[in-house]
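K.L.:
Take this structure first; my questions come after.
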Amino acid sequence: MSATQEIDLTGLKCPMPIVRLSKLMKQLDAGQEIAAVANDPAFCLDVEAWCNKTGHELIQINQTDERLTAVIRKKHEGK
Amino acid sequence: MNQAVQEYSPELLGALTERVEALEEQAAAAPRSDKLSMVVFSGELDKLLAAFVIATGAAACGMKVSMFFTFWATAALKKEGPQAKGKSLVEKMFGWMLPGGFGKRKLSKMEMGGVGRWMMTREMAKKNVASLAELVEAADELGVRISICEMSMSLMGIRQEELLDYSDIGCCGVASFLDDASSSNTTLFI
């Protein structure tokens, strides 16, 4: 499996973090992982809701000071 | 209760069980509609921002999104620039009163003769909040459908060639919107 992709979403405000995230996700293969870094306070809840809605797996959330890193694994089609 | 029914009529219970099983199968096979249909009625900046934030967010969440523009919102879909030729006087007046272009959209509150809008757009840029133009571009990339009420367009004398550049844009009637809306699980009026 290829290495975890990273995406910098810092500075972006709602809804742009999930818009960017969904764009990148489309380019990945099933099972591949993304580490998204953001500092939008809404992103913490939004990334959870986004994963819930799209079916991608939220593996972990790390909050440090004002930054939040979310690791998401792309779902397999048809799931 | 079950036992009483079974004793009373095993055939009936068997038939009912079969029907329930058939319905369960049907429900499992039916595609889950994950669709958002919006009526965008207002042409003001703040309401359009809300509409496009929700539309792009929903599309990013994998929902199928269609926006139905009617009345004052139709003017928001016009490009900036001179009006199309061959309009009647009243149609031209509509064009002067309702100019196209995202920069011409007023706020529904605190507009204050343009001062409020200027402060709002400056603050949005400072805080890196996406502008209306950026949101419309994102909506286009995400495949959000924009349909425009044909009646509003002809009433206000808006011509096809005056509309902004957008991939999935077209005119339609109320039946098309209702067809979309009735198969959606989320509908909004903005």
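Ligands are numbered from 1 in the order shown, residues from 1 within each chain, and chains are lettered A, B, ... in the order they appear in the structure tokens.
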For the structure I just gave you, how does DSSP split chain A - specifically, which residues are strand (DSSP E or B)? Reply as number ranges by chain.

P.N.:
A: 5-8, 33-38, 57-64, 67-73

K.L.:
Kindly determine which residues of chain A lie within 10 Å of chain B, considering only C-alpha atoms, and give the answer as a ChimeraX atom specification.

P.N.:
/A:11-23,46,49-55

K.L.:
Among chain A, which residues does DSSP mark as helix (DSSP H, G or I) when it is run on the backbone? Keep the chain and numbering as in the structure and answer as an MDAnalysis selection string.

P.N.:
chainID A and resid 16:27 43:54

K.L.:
Filtering to N, CA, C and O atoms, could you give me those residues as an mmCIF file, in the first residue's frame?

P.N.:
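The file below, part_32.cif, is the result:
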```cif
data_model
loop_
_atom_site.group_PDB
_atom_site.id
_atom_site.type_symbol
_atom_site.label_atom_id
_atom_site.label_comp_id
_atom_site.auth_asym_id
_atom_site.auth_seq_id
_atom_site.Cartn_x
_atom_site.Cartn_y
_atom_site.Cartn_z
ATOM 1 N N MET A 16 -14.603 24.908 2.905
ATOM 2 C CA MET A 16 -13.475 24.555 2.046
ATOM 3 C C MET A 16 -12.645 23.349 2.515
ATOM 4 O O MET A 16 -12.190 22.569 1.678
ATOM 5 N N PRO A 17 -12.436 23.171 3.852
ATOM 6 C CA PRO A 17 -11.668 21.973 4.241
ATOM 7 C C PRO A 17 -12.270 20.661 3.714
ATOM 8 O O PRO A 17 -11.555 19.829 3.157
ATOM 9 N N ILE A 18 -13.595 20.490 3.823
ATOM 10 C CA ILE A 18 -14.174 19.226 3.342
ATOM 11 C C ILE A 18 -14.279 19.191 1.819
ATOM 12 O O ILE A 18 -14.234 18.132 1.217
ATOM 13 N N VAL A 19 -14.381 20.378 1.210
ATOM 14 C CA VAL A 19 -14.401 20.426 -0.269
ATOM 15 C C VAL A 19 -13.052 19.929 -0.800
ATOM 16 O O VAL A 19 -12.987 19.077 -1.687
ATOM 17 N N ARG A 20 -11.955 20.443 -0.213
ATOM 18 C CA ARG A 20 -10.608 20.020 -0.628
ATOM 19 C C ARG A 20 -10.375 18.535 -0.334
ATOM 20 O O ARG A 20 -9.806 17.802 -1.128
ATOM 21 N N LEU A 21 -10.832 18.148 0.854
ATOM 22 C CA LEU A 21 -10.647 16.769 1.288
ATOM 23 C C LEU A 21 -11.343 15.806 0.325
ATOM 24 O O LEU A 21 -10.774 14.785 -0.081
ATOM 25 N N SER A 22 -12.564 16.149 -0.069
ATOM 26 C CA SER A 22 -13.313 15.253 -0.954
ATOM 27 C C SER A 22 -12.657 15.188 -2.334
ATOM 28 O O SER A 22 -12.668 14.145 -2.983
ATOM 29 N N LYS A 23 -12.080 16.310 -2.766
ATOM 30 C CA LYS A 23 -11.386 16.326 -4.062
ATOM 31 C C LYS A 23 -10.194 15.383 -4.047
ATOM 32 O O LYS A 23 -10.001 14.591 -4.965
ATOM 33 N N LEU A 24 -9.389 15.472 -2.980
ATOM 34 C CA LEU A 24 -8.198 14.622 -2.890
ATOM 35 C C LEU A 24 -8.597 13.155 -2.740
ATOM 36 O O LEU A 24 -7.972 12.272 -3.348
ATOM 37 N N MET A 25 -9.640 12.907 -1.972
ATOM 38 C CA MET A 25 -10.082 11.539 -1.715
ATOM 39 C C MET A 25 -10.429 10.819 -3.016
ATOM 40 O O MET A 25 -10.191 9.624 -3.151
ATOM 41 N N LYS A 26 -11.007 11.570 -3.962
ATOM 42 C CA LYS A 26 -11.402 10.964 -5.243
ATOM 43 C C LYS A 26 -10.201 10.417 -6.006
ATOM 44 O O LYS A 26 -10.339 9.493 -6.800
ATOM 45 N N GLN A 27 -9.027 11.021 -5.768
ATOM 46 C CA GLN A 27 -7.834 10.593 -6.502
ATOM 47 C C GLN A 27 -7.144 9.385 -5.876
ATOM 48 O O GLN A 27 -6.250 8.802 -6.481
ATOM 49 N N PHE A 43 -13.803 22.123 11.927
ATOM 50 C CA PHE A 43 -13.325 20.927 11.226
ATOM 51 C C PHE A 43 -13.346 19.680 12.106
ATOM 52 O O PHE A 43 -13.570 18.572 11.621
ATOM 53 N N CYS A 44 -13.114 19.878 13.402
ATOM 54 C CA CYS A 44 -13.076 18.749 14.336
ATOM 55 C C CYS A 44 -14.364 17.938 14.262
ATOM 56 O O CYS A 44 -14.342 16.717 14.122
ATOM 57 N N LEU A 45 -15.500 18.639 14.330
ATOM 58 C CA LEU A 45 -16.793 17.952 14.244
ATOM 59 C C LEU A 45 -17.120 17.585 12.806
ATOM 60 O O LEU A 45 -17.711 16.544 12.531
ATOM 61 N N ASP A 46 -16.729 18.487 11.890
ATOM 62 C CA ASP A 46 -17.077 18.279 10.485
ATOM 63 C C ASP A 46 -16.400 17.055 9.885
ATOM 64 O O ASP A 46 -16.998 16.351 9.076
ATOM 65 N N VAL A 47 -15.167 16.801 10.272
ATOM 66 C CA VAL A 47 -14.456 15.670 9.668
ATOM 67 C C VAL A 47 -15.115 14.356 10.111
ATOM 68 O O VAL A 47 -15.204 13.402 9.339
ATOM 69 N N GLU A 48 -15.610 14.365 11.337
ATOM 70 C CA GLU A 48 -16.318 13.187 11.842
ATOM 71 C C GLU A 48 -17.628 12.978 11.072
ATOM 72 O O GLU A 48 -17.938 11.874 10.631
ATOM 73 N N ALA A 49 -18.367 14.081 10.902
ATOM 74 C CA ALA A 49 -19.638 14.024 10.173
ATOM 75 C C ALA A 49 -19.407 13.648 8.713
ATOM 76 O O ALA A 49 -20.161 12.869 8.123
ATOM 77 N N TRP A 50 -18.328 14.182 8.147
ATOM 78 C CA TRP A 50 -18.000 13.919 6.737
ATOM 79 C C TRP A 50 -17.704 12.433 6.528
ATOM 80 O O TRP A 50 -18.173 11.827 5.567
ATOM 81 N N CYS A 51 -16.936 11.869 7.459
ATOM 82 C CA CYS A 51 -16.612 10.439 7.371
ATOM 83 C C CYS A 51 -17.874 9.590 7.550
ATOM 84 O O CYS A 51 -18.088 8.610 6.841
ATOM 85 N N ASN A 52 -18.697 10.012 8.482
ATOM 86 C CA ASN A 52 -19.957 9.320 8.745
ATOM 87 C C ASN A 52 -20.833 9.306 7.492
ATOM 88 O O ASN A 52 -21.446 8.307 7.141
ATOM 89 N N LYS A 53 -20.843 10.443 6.791
ATOM 90 C CA LYS A 53 -21.707 10.609 5.613
ATOM 91 C C LYS A 53 -21.134 9.889 4.397
ATOM 92 O O LYS A 53 -21.867 9.288 3.619
ATOM 93 N N THR A 54 -19.823 9.980 4.223
ATOM 94 C CA THR A 54 -19.225 9.414 3.009
ATOM 95 C C THR A 54 -18.859 7.941 3.173
ATOM 96 O O THR A 54 -18.690 7.233 2.186
#
```

K.L.:
Quote the spacing between atom CA of B:Lys109 and atom CA of B:Ser131 in Å to one decimal place.

P.N.:
17.6 Å

K.L.:
For stretch 79-95 of chain B, work out the shell of residues within 8 Å, counting only C-alpha atoms and skipping chain neighbours fewer than 2 positions away, then give it as a VMD selection string.

P.N.:
chain B and resid 77 97 to 101 155 to 159 161 to 164

K.L.:
Would you list the contacts of B:Phe69 as a list in words, taking every protein, DNA or RNA residue within 7 Å and counting only C-alpha atoms, but skipping same-chain residues closer than 5 positions in sequence?

P.N.:
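Counting only the stated atoms, we get Val39, Val40, Phe41, Thr74, Ser147, Ile148 and Cys149 of chain B.
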
K.L.:
Here is a test: counting only C-alpha atoms, which residue of A:Gln32, A:Gln5, A:Thr10, A:Gln60 is nearest to A:Lys74?

P.N.:
A:Gln32

K.L.:
Using only C-alpha atoms, which protein or nucleic acid residues come within 8 Å of A:Glu6? Drop anything in the same chain fewer than 5 positions from it, and give the result as a ChimeraX atom specification.

P.N.:
/A:34-37

K.L.:
Filtering to N, CA, C and O atoms, could you give me those residues as a compact mmCIF listing (two decimals), in the first residue's frame?

P.N.:
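again37.txt, written as the output of this step:
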```txt
# COMPACT_ATOMS: atom_id res chain seq x y z
N ILE A 34 -5.23 9.31 4.30
CA ILE A 34 -4.93 10.73 4.22
C ILE A 34 -4.71 11.25 5.64
O ILE A 34 -5.46 10.89 6.54
N ALA A 35 -3.70 12.10 5.81
CA ALA A 35 -3.56 12.83 7.06
C ALA A 35 -3.87 14.29 6.75
O ALA A 35 -3.15 14.93 6.00
N ALA A 36 -4.99 14.77 7.27
CA ALA A 36 -5.42 16.14 7.00
C ALA A 36 -5.12 17.03 8.20
O ALA A 36 -5.50 16.70 9.32
N VAL A 37 -4.44 18.14 7.93
CA VAL A 37 -4.12 19.08 9.00
C VAL A 37 -4.95 20.34 8.80
O VAL A 37 -4.96 20.91 7.71
```
